[in-house]
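Content type CSV, C-alpha atoms, from the file target23.csv:
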chain,number,residue,atom,x,y,z
A,1,MET,CA,64.6,135.5,58.8
A,2,ALA,CA,64.5,138.9,60.5
A,3,GLU,CA,66.7,140.4,57.7
A,4,ILE,CA,64.3,139.0,55.1
A,5,PHE,CA,61.3,140.6,56.8
A,6,ALA,CA,63.1,143.9,57.0
A,7,ALA,CA,64.2,143.7,53.3
A,8,ILE,CA,60.6,143.2,52.0
A,9,GLY,CA,59.3,146.2,54.0
A,10,LEU,CA,57.2,144.5,56.6
A,11,PRO,CA,55.9,147.2,58.9
A,12,ALA,CA,57.8,147.6,62.1
A,13,GLY,CA,56.4,145.7,65.0
A,14,VAL,CA,54.7,143.0,62.9
A,15,PHE,CA,57.6,140.8,63.5
A,16,ASN,CA,60.0,141.0,66.4
A,17,LEU,CA,63.1,138.9,67.1
A,18,VAL,CA,64.0,138.4,70.7
A,19,THR,CA,67.1,136.4,71.5
A,20,GLY,CA,68.2,134.7,74.7
A,21,PRO,CA,67.9,131.5,76.7
A,22,GLY,CA,64.5,129.9,76.4
A,23,SER,CA,64.4,129.3,80.2
A,24,VAL,CA,64.6,133.1,80.7
A,25,ILE,CA,62.6,134.5,77.8
A,26,GLY,CA,59.9,131.7,77.7
A,27,PRO,CA,58.3,132.4,81.1
A,28,ILE,CA,58.3,136.2,80.4
A,29,MET,CA,56.6,135.9,77.0
A,30,SER,CA,54.2,133.1,78.2
A,31,SER,CA,53.0,135.1,81.3
A,32,HIS,CA,53.0,138.6,79.8
A,33,PRO,CA,49.5,140.1,79.8
A,34,ASP,CA,50.1,141.9,76.5
A,35,VAL,CA,50.7,138.6,74.7
A,36,ASP,CA,47.4,137.1,73.5
A,37,MET,CA,48.6,133.8,72.2
A,38,ILE,CA,51.7,131.6,72.4
A,39,SER,CA,52.7,129.1,69.7
A,40,PHE,CA,55.4,126.8,70.9
A,41,THR,CA,57.4,124.0,69.3
A,42,GLY,CA,59.6,121.9,71.5
A,43,SER,CA,59.7,119.1,74.1
A,44,THR,CA,56.6,118.0,76.1
A,45,ARG,CA,58.5,119.0,79.3
A,46,ALA,CA,59.0,122.6,78.1
A,47,GLY,CA,55.5,122.7,76.7
A,48,ILE,CA,54.0,122.0,80.2
A,49,GLN,CA,56.1,124.9,81.6
A,50,VAL,CA,54.8,127.2,78.8
A,51,ALA,CA,51.2,126.3,79.5
A,52,THR,CA,51.6,126.7,83.2
A,53,ALA,CA,53.1,130.1,82.8
A,54,ALA,CA,50.4,131.1,80.4
A,55,ALA,CA,47.5,129.9,82.5
A,56,PRO,CA,47.1,132.9,84.9
A,57,THR,CA,46.4,135.3,81.9
A,58,VAL,CA,44.1,132.7,80.2
A,59,LYS,CA,45.8,133.1,76.9
A,60,ARG,CA,45.6,130.7,74.0
A,61,VAL,CA,48.5,128.2,73.8
A,62,CYS,CA,49.2,126.2,70.6
A,63,GLN,CA,51.8,123.5,71.0
A,64,GLU,CA,53.7,121.1,68.8
A,65,LEU,CA,55.6,118.9,71.1
A,66,GLY,CA,57.2,115.5,71.2
A,67,GLY,CA,56.2,112.2,69.7
A,68,LYS,CA,56.8,108.4,69.7
A,69,SER,CA,54.9,107.7,66.5
A,70,PRO,CA,53.7,104.2,65.5
A,71,TYR,CA,54.1,102.7,62.0
A,72,ILE,CA,51.9,99.7,61.3
A,73,ILE,CA,52.9,97.4,58.4
A,74,ALA,CA,50.0,95.2,57.5
A,75,ARG,CA,50.6,91.5,56.8
A,76,ASP,CA,49.6,91.9,53.1
A,77,ALA,CA,51.9,95.0,52.5
A,78,ASP,CA,54.8,95.2,50.0
A,79,LEU,CA,57.3,94.4,52.8
A,80,LYS,CA,60.4,95.7,51.1
A,81,ALA,CA,58.9,99.0,50.2
A,82,ALA,CA,57.2,99.4,53.6
A,83,VAL,CA,60.3,98.6,55.6
A,84,ARG,CA,62.5,100.9,53.5
A,85,TYR,CA,60.0,103.7,53.9
A,86,GLY,CA,60.0,103.2,57.7
A,87,VAL,CA,63.8,103.0,58.2
A,88,GLU,CA,64.5,106.0,55.9
A,89,ASP,CA,61.8,108.0,57.8
A,90,VAL,CA,63.5,107.4,61.1
A,91,MET,CA,67.1,108.1,59.8
A,92,LEU,CA,66.1,111.3,58.1
A,93,ASN,CA,67.8,114.3,59.7
A,94,THR,CA,69.8,111.9,61.9
A,95,GLY,CA,66.6,111.0,63.7
A,96,GLN,CA,66.0,114.5,64.9
A,97,THR,CA,62.4,114.9,63.7
A,98,CYS,CA,59.5,115.0,66.2
A,99,ASN,CA,57.2,113.1,63.8
A,100,ALA,CA,59.6,110.2,63.1
A,101,LEU,CA,57.9,106.8,62.9
A,102,THR,CA,60.1,105.2,65.6
A,103,ARG,CA,57.9,102.3,66.5
A,104,MET,CA,57.4,99.8,63.7
A,105,PHE,CA,54.8,97.1,64.2
A,106,ILE,CA,55.0,93.9,62.0
A,107,HIS,CA,53.0,90.7,61.9
A,108,LYS,CA,54.9,87.8,63.4
A,109,SER,CA,54.8,85.8,60.2
A,110,ARG,CA,56.9,88.4,58.4
A,111,TYR,CA,58.8,89.8,61.4
A,112,GLU,CA,62.3,88.3,60.9
A,113,GLN,CA,62.2,89.0,57.2
A,114,ALA,CA,61.4,92.6,58.0
A,115,VAL,CA,64.3,92.8,60.5
A,116,ASN,CA,66.8,91.6,57.9
A,117,ILE,CA,65.5,94.1,55.4
A,118,ALA,CA,65.7,96.9,57.9
A,119,ARG,CA,69.3,96.0,58.8
A,120,LYS,CA,70.5,96.2,55.2
A,121,ILE,CA,68.7,99.5,54.6
A,122,ALA,CA,70.1,101.1,57.8
A,123,GLU,CA,73.6,99.9,56.9
A,124,GLU,CA,73.4,101.6,53.5
A,125,ASN,CA,73.9,104.9,55.4
A,126,ILE,CA,77.3,106.6,55.3
A,127,VAL,CA,77.8,108.6,58.5
A,128,GLY,CA,80.3,111.5,58.5
A,129,ASP,CA,81.0,115.1,57.6
A,130,PRO,CA,77.9,116.4,55.7
A,131,ASN,CA,80.3,118.5,53.5
A,132,ASP,CA,81.3,115.1,52.0
A,133,SER,CA,79.0,114.4,49.0
A,134,SER,CA,79.1,110.7,49.7
A,135,VAL,CA,77.8,111.1,53.3
A,136,THR,CA,74.1,110.4,53.9
A,137,MET,CA,73.9,111.0,57.6
A,138,GLY,CA,75.6,113.8,59.6
A,139,PRO,CA,76.1,114.4,63.3
A,140,MET,CA,73.6,115.0,66.0
A,141,ALA,CA,72.8,118.7,66.7
A,142,SER,CA,75.1,118.7,69.8
A,143,ALA,CA,77.4,116.6,71.9
A,144,SER,CA,74.8,116.6,74.7
A,145,GLN,CA,72.1,115.2,72.4
A,146,LYS,CA,74.5,112.4,71.3
A,147,GLN,CA,75.0,111.4,74.9
A,148,ILE,CA,71.2,111.3,75.4
A,149,VAL,CA,70.8,109.0,72.4
A,150,LEU,CA,73.6,106.7,73.5
A,151,LYS,CA,72.1,106.5,77.0
A,152,TYR,CA,68.8,105.3,75.4
A,153,ILE,CA,70.7,102.7,73.3
A,154,LYS,CA,72.4,101.4,76.5
A,155,THR,CA,69.0,101.3,78.2
A,156,GLY,CA,67.5,99.2,75.3
A,157,LEU,CA,70.4,96.7,75.6
A,158,ALA,CA,70.0,96.5,79.4
A,159,GLN,CA,66.3,95.8,79.0
A,160,GLY,CA,66.8,92.9,76.6
A,161,ALA,CA,66.2,94.4,73.2
A,162,ARG,CA,68.1,92.7,70.4
A,163,LEU,CA,70.6,95.0,68.7
A,164,VAL,CA,70.2,94.4,64.9
A,165,THR,CA,72.7,97.1,63.8
A,166,GLY,CA,74.3,100.2,65.1
A,167,GLY,CA,75.0,100.7,68.8
A,168,VAL,CA,77.1,102.9,71.0
A,169,ASP,CA,80.4,102.7,69.2
A,170,MET,CA,81.6,105.5,66.9
A,171,PRO,CA,80.7,105.0,63.2
A,172,GLN,CA,83.5,103.5,61.0
A,173,GLY,CA,86.2,106.0,60.1
A,174,LEU,CA,85.3,108.5,62.8
A,175,ASP,CA,87.1,109.1,66.1
A,176,SER,CA,85.5,112.4,67.2
A,177,GLY,CA,82.3,114.4,66.8
A,178,ALA,CA,78.6,114.1,67.7
A,179,TYR,CA,78.0,111.0,65.5
A,180,VAL,CA,75.7,108.1,66.2
A,181,LYS,CA,75.3,105.0,64.2
A,182,PRO,CA,71.9,104.2,62.6
A,183,THR,CA,70.6,101.9,65.2
A,184,ILE,CA,67.8,99.3,65.0
A,185,PHE,CA,66.4,97.2,67.8
A,186,ALA,CA,64.3,94.1,67.4
A,187,ASP,CA,62.4,92.0,70.0
A,188,VAL,CA,61.3,95.3,71.6
A,189,SER,CA,58.4,95.3,74.0
A,190,ASN,CA,55.9,98.2,73.8
A,191,LYS,CA,56.6,98.6,77.5
A,192,MET,CA,60.4,99.2,77.2
A,193,ILE,CA,61.7,102.7,77.8
A,194,ILE,CA,63.1,102.9,74.3
A,195,SER,CA,59.5,102.4,72.9
A,196,ARG,CA,57.9,104.7,75.4
A,197,GLU,CA,60.1,107.8,75.4
A,198,GLU,CA,61.2,110.1,72.6
A,199,ILE,CA,64.9,109.4,71.8
A,200,PHE,CA,65.3,112.1,69.1
A,201,GLY,CA,68.0,110.2,67.3
A,202,PRO,CA,68.5,107.5,64.6
A,203,VAL,CA,67.0,104.7,66.6
A,204,LEU,CA,64.2,102.4,65.4
A,205,CYS,CA,62.2,100.0,67.5
A,206,MET,CA,60.8,96.9,65.7
A,207,ILE,CA,57.8,95.3,67.6
A,208,VAL,CA,56.1,92.1,66.7
A,209,CYS,CA,52.3,91.7,66.7
A,210,ASP,CA,49.8,88.9,66.3
A,211,ASP,CA,47.3,90.8,64.3
A,212,ILE,CA,46.1,94.3,63.2
A,213,GLU,CA,44.0,94.6,66.4
A,214,GLU,CA,47.0,94.2,68.6
A,215,ALA,CA,49.1,96.5,66.4
A,216,ILE,CA,46.4,99.3,66.7
A,217,GLU,CA,46.2,98.7,70.5
A,218,MET,CA,49.9,99.1,70.9
A,219,ALA,CA,50.1,102.0,68.5
A,220,ASN,CA,47.6,103.9,70.7
A,221,ASP,CA,49.3,102.8,74.0
A,222,THR,CA,51.4,105.9,74.3
A,223,VAL,CA,51.1,109.3,76.0
A,224,TYR,CA,52.0,110.9,72.6
A,225,GLY,CA,49.8,111.4,69.5
A,226,LEU,CA,51.7,113.5,67.0
A,227,SER,CA,52.1,111.3,63.9
A,228,SER,CA,51.7,107.8,62.6
A,229,GLY,CA,52.0,105.7,59.5
A,230,VAL,CA,50.3,102.7,57.8
A,231,TYR,CA,51.5,100.6,54.9
A,232,ALA,CA,49.0,98.0,53.7
A,233,LYS,CA,48.0,96.2,50.6
A,234,ASN,CA,46.4,99.3,49.1
A,235,LYS,CA,45.1,102.7,50.0
A,236,ALA,CA,41.6,101.5,51.0
A,237,SER,CA,43.0,99.0,53.5
A,238,ALA,CA,45.4,101.5,54.9
A,239,LEU,CA,42.7,104.1,55.5
A,240,LYS,CA,40.7,101.6,57.6
A,241,ILE,CA,43.7,101.2,59.9
A,242,ALA,CA,44.7,104.9,59.9
A,243,ARG,CA,41.3,106.0,61.1
A,244,ARG,CA,41.7,104.0,64.3
A,245,ILE,CA,45.1,105.5,65.2
A,246,ARG,CA,44.9,108.4,67.6
A,247,ALA,CA,47.3,110.9,66.2
A,248,GLY,CA,47.3,114.2,64.5
A,249,GLN,CA,48.6,112.9,61.2
A,250,CYS,CA,48.9,109.5,59.5
A,251,TYR,CA,51.0,108.8,56.5
A,252,ILE,CA,49.7,106.0,54.4
A,253,GLN,CA,51.4,103.9,51.6
A,254,GLY,CA,54.7,105.8,51.8
A,255,SER,CA,53.4,109.4,51.6
A,256,TYR,CA,55.5,112.3,52.7
A,257,PHE,CA,55.2,115.6,54.6
A,258,ASN,CA,52.8,118.1,53.0
A,259,LEU,CA,52.9,121.7,53.9
A,260,GLU,CA,49.2,122.1,52.9
A,261,ALA,CA,48.1,119.5,55.4
A,262,PRO,CA,47.4,120.6,59.0
A,263,PHE,CA,50.2,119.5,61.3
A,264,GLY,CA,49.9,118.9,65.1
A,265,GLY,CA,49.1,116.4,67.7
A,266,CYS,CA,46.9,115.2,70.5
A,267,LYS,CA,47.5,113.9,74.0
A,268,GLN,CA,51.0,115.0,75.2
A,269,SER,CA,52.1,115.8,71.7
A,270,GLY,CA,50.3,119.1,71.9
A,271,ASN,CA,47.3,120.9,70.7
A,272,GLY,CA,46.3,123.2,67.8
A,273,ARG,CA,47.6,123.0,64.3
A,274,GLU,CA,50.4,124.4,62.1
A,275,TRP,CA,50.4,124.5,58.3
A,276,GLY,CA,47.4,124.4,56.1
A,277,ASP,CA,44.5,126.8,56.2
A,278,GLN,CA,43.6,125.5,59.7
A,279,ALA,CA,46.8,127.0,61.1
A,280,MET,CA,45.4,130.5,60.8
A,281,ASP,CA,42.5,129.6,63.1
A,282,GLU,CA,45.0,129.6,66.0
A,283,TYR,CA,45.7,133.3,65.6
A,284,ILE,CA,42.1,134.5,65.0
A,285,GLU,CA,39.4,135.4,67.6
A,286,ILE,CA,35.9,135.6,66.3
A,287,LYS,CA,34.0,138.8,67.1
A,288,SER,CA,30.3,139.1,66.8
A,289,ILE,CA,28.5,142.4,66.2
A,290,ILE,CA,24.8,142.0,66.7
A,291,ALA,CA,22.4,144.7,65.5
As structure tokens - that is how I would like this structure written.
Amino acid sequence: MAEIFAAIGLPAGVFNLVTGPGSVIGPIMSSHPDVDMISFTGSTRAGIQVATAAAPTVKRVCQELGGKSPYIIARDADLKAAVRYGVEDVMLNTGQTCNALTRMFIHKSRYEQAVNIARKIAEENIVGDPNDSSVTMGPMASASQKQIVLKYIKTGLAQGARLVTGGVDMPQGLDSGAYVKPTIFADVSNKMIISREEIFGPVLCMIVCDDIEEAIEMANDTVYGLSSGVYAKNKASALKIARRIRAGQCYIQGSYFNLEAPFGGCKQSGNGREWGDQAMDEYIEIKSIIA
């Protein structure tokens, strides 16, 4: 990226690349009096440290942090399409997306059917070397992240969640590498650790609900508020539910990420917005000249 900026002739100083450990550079940049604004993307834990370091200089801080995003499938939705959308969303990028819809809420009358559909879709994935054209899911970003994900899977099993597919074993045909099976848990309580904390891996929690009111209540029962999703009978029905979910974004009826739409969260998922015209507001201070 730095080479691209240099090649197009961007004036010196407009963009500067500073490399080094975040734990060292982060506090220096966040607390420096010559820095007017900090835009940070990362974990909620690190985001708190950034905000704390920035506070003494009263600078603006824009943060895009973690998430544990809910996905509500209404009783009258196209179940096959809705479940496929939800499973594929979580498995994208090996589950390493902050806005992944990792908590799926389904009405009790369609729950087991949804679980069976989800299992089949997850097992369509071929895990392995991404250089292989037949592979649909590669490794985690690091060996340490793999261990974090496996620890959460073990925690889910210990707390009584039903393992539908996946688990802690190496994917078929692999004996080394930072690979994790696409994993789905059913019979998950909204109070379990796997449904409260961001796993950042290919792990989906399926949660049963009695009605839409309970689904919305559980969807909002989280410290996060980055993203969300709703799949209902039609757009109008989905919008009614989407408006009641406290999150910075809501994807309805199988929609996908749009770079023109403002992106960001509320609660412990951060503040401010990236993308869209609203993103520029984070970098602008209004000055009034009164005559």
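Summary of the local environment: counting only C-alpha atoms, residues at most 9 Å from Val127 in chain A, other than itself and those fewer than 6 positions away along its chain, are Val135, Thr136, Met137, Gly138, Pro139, Pro171, Gln172, Gly173, Leu174, Tyr179, Val180, Lys181 and Pro182 of chain A.
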Using all atoms listed in the file, which residues sit within 10 Å of Val35 in chain A once same-chain residues fewer than 2 positions away are excluded, as a PyMOL selection string?
chain A and resi 28-33+37-38+54+57+59-60
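Near Lys146 in chain A, within 12 Å and counting only C-alpha atoms, sit Thr94, Gly95, Gln96, Gly138, Pro139, Met140, Tyr152, Ile153, Gly167, Val168, Asp169, Met170, Ser176, Gly177, Ala178, Tyr179, Val180, Lys181, Ile199, Phe200, Gly201, Pro202 and Val203 of chain A; same-chain residues fewer than 6 positions away were not included.
Minimum atom-to-atom distances from A:Trp275, A:Pro21, A:Ile106, A:Ala118 to Cys209 in chain A were compared using all atoms listed in the file, and the lowest value belongs to A:Ile106.
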From CA of Ile193 in chain A to CA of Arg84 in chain A the spacing works out at 24.4 Å
Shell around Gly86 in chain A at 8 Å using all atoms listed in the file, local window under 5 positions removed, as a VMD selection string:
chain A and resid 71 101 104
re CA of Cys250 in chain A and CA of Ile207 in chain A: distance 18.6 Å
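When only C-alpha atoms are used to compute distances to Ala82 in chain A, the closest of the residues A:Val230, A:Ile284, A:Ala46, A:Val58 turns out to be A:Val230.
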Residue contacts of Lys240 in chain A (12 Å, only C-alpha atoms) excluding same-chain residues fewer than 3 positions away, as a PDB file with C-alpha atoms, keeping the file's coordinate frame:
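Saved result, result_38.pdb, follows:
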ATOM      1  CA  ILE A  72      51.900  99.700  61.300  1.00  0.00           C
ATOM      2  CA  ALA A  74      50.000  95.200  57.500  1.00  0.00           C
ATOM      3  CA  ILE A 212      46.100  94.300  63.200  1.00  0.00           C
ATOM      4  CA  GLU A 213      44.000  94.600  66.400  1.00  0.00           C
ATOM      5  CA  ILE A 216      46.400  99.300  66.700  1.00  0.00           C
ATOM      6  CA  VAL A 230      50.300 102.700  57.800  1.00  0.00           C
ATOM      7  CA  TYR A 231      51.500 100.600  54.900  1.00  0.00           C
ATOM      8  CA  ALA A 232      49.000  98.000  53.700  1.00  0.00           C
ATOM      9  CA  LYS A 233      48.000  96.200  50.600  1.00  0.00           C
ATOM     10  CA  ASN A 234      46.400  99.300  49.100  1.00  0.00           C
ATOM     11  CA  LYS A 235      45.100 102.700  50.000  1.00  0.00           C
ATOM     12  CA  ALA A 236      41.600 101.500  51.000  1.00  0.00           C
ATOM     13  CA  SER A 237      43.000  99.000  53.500  1.00  0.00           C
ATOM     14  CA  ARG A 243      41.300 106.000  61.100  1.00  0.00           C
ATOM     15  CA  ARG A 244      41.700 104.000  64.300  1.00  0.00           C
ATOM     16  CA  ILE A 245      45.100 105.500  65.200  1.00  0.00           C
ATOM     17  CA  CYS A 250      48.900 109.500  59.500  1.00  0.00           C
ATOM     18  CA  ILE A 252      49.700 106.000  54.400  1.00  0.00           C
TER      19      ILE A 252
END
Interface rows for range 90-148 of chain A against range 61-70 of chain A: nearest pair, Å to one decimal, 9 Å, all atoms listed in the file, as a tab-separated table:
residue	atom	partner	partner_atom	distance
A:Cys98	CA	A:Gly66	CA	5.5
A:Asn99	CA	A:Gly67	CA	6.1
A:Ala100	CA	A:Ser69	CA	6.3
A:Leu101	CA	A:Ser69	CA	4.8
A:Thr102	CA	A:Ser69	CA	5.8
A:Arg103	CA	A:Pro70	CA	4.7
A:Met104	CA	A:Pro70	CA	6.0
A:Phe105	CA	A:Pro70	CA	7.3
Expressed in Å, the length from CA of Lys108 in chain A to CA of Lys80 in chain A is 15.6 Å
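Using all atoms listed in the file, the smallest distance between any of A:Gly13, A:Gly248, A:Gly229, A:Gly47 and Gly272 in chain A comes from A:Gly248.
Closest approach to Pro27 in chain A from the set A:Ala53, A:Pro11, A:Glu214, A:Arg45 is made by A:Ala53, with distances taken over only C-alpha atoms.
Restricting the calculation to all atoms listed in the file, the smallest distance between Thr97 in chain A and any of A:Pro130, A:Gly160, A:Gly42, A:Pro262 is found for A:Gly42.
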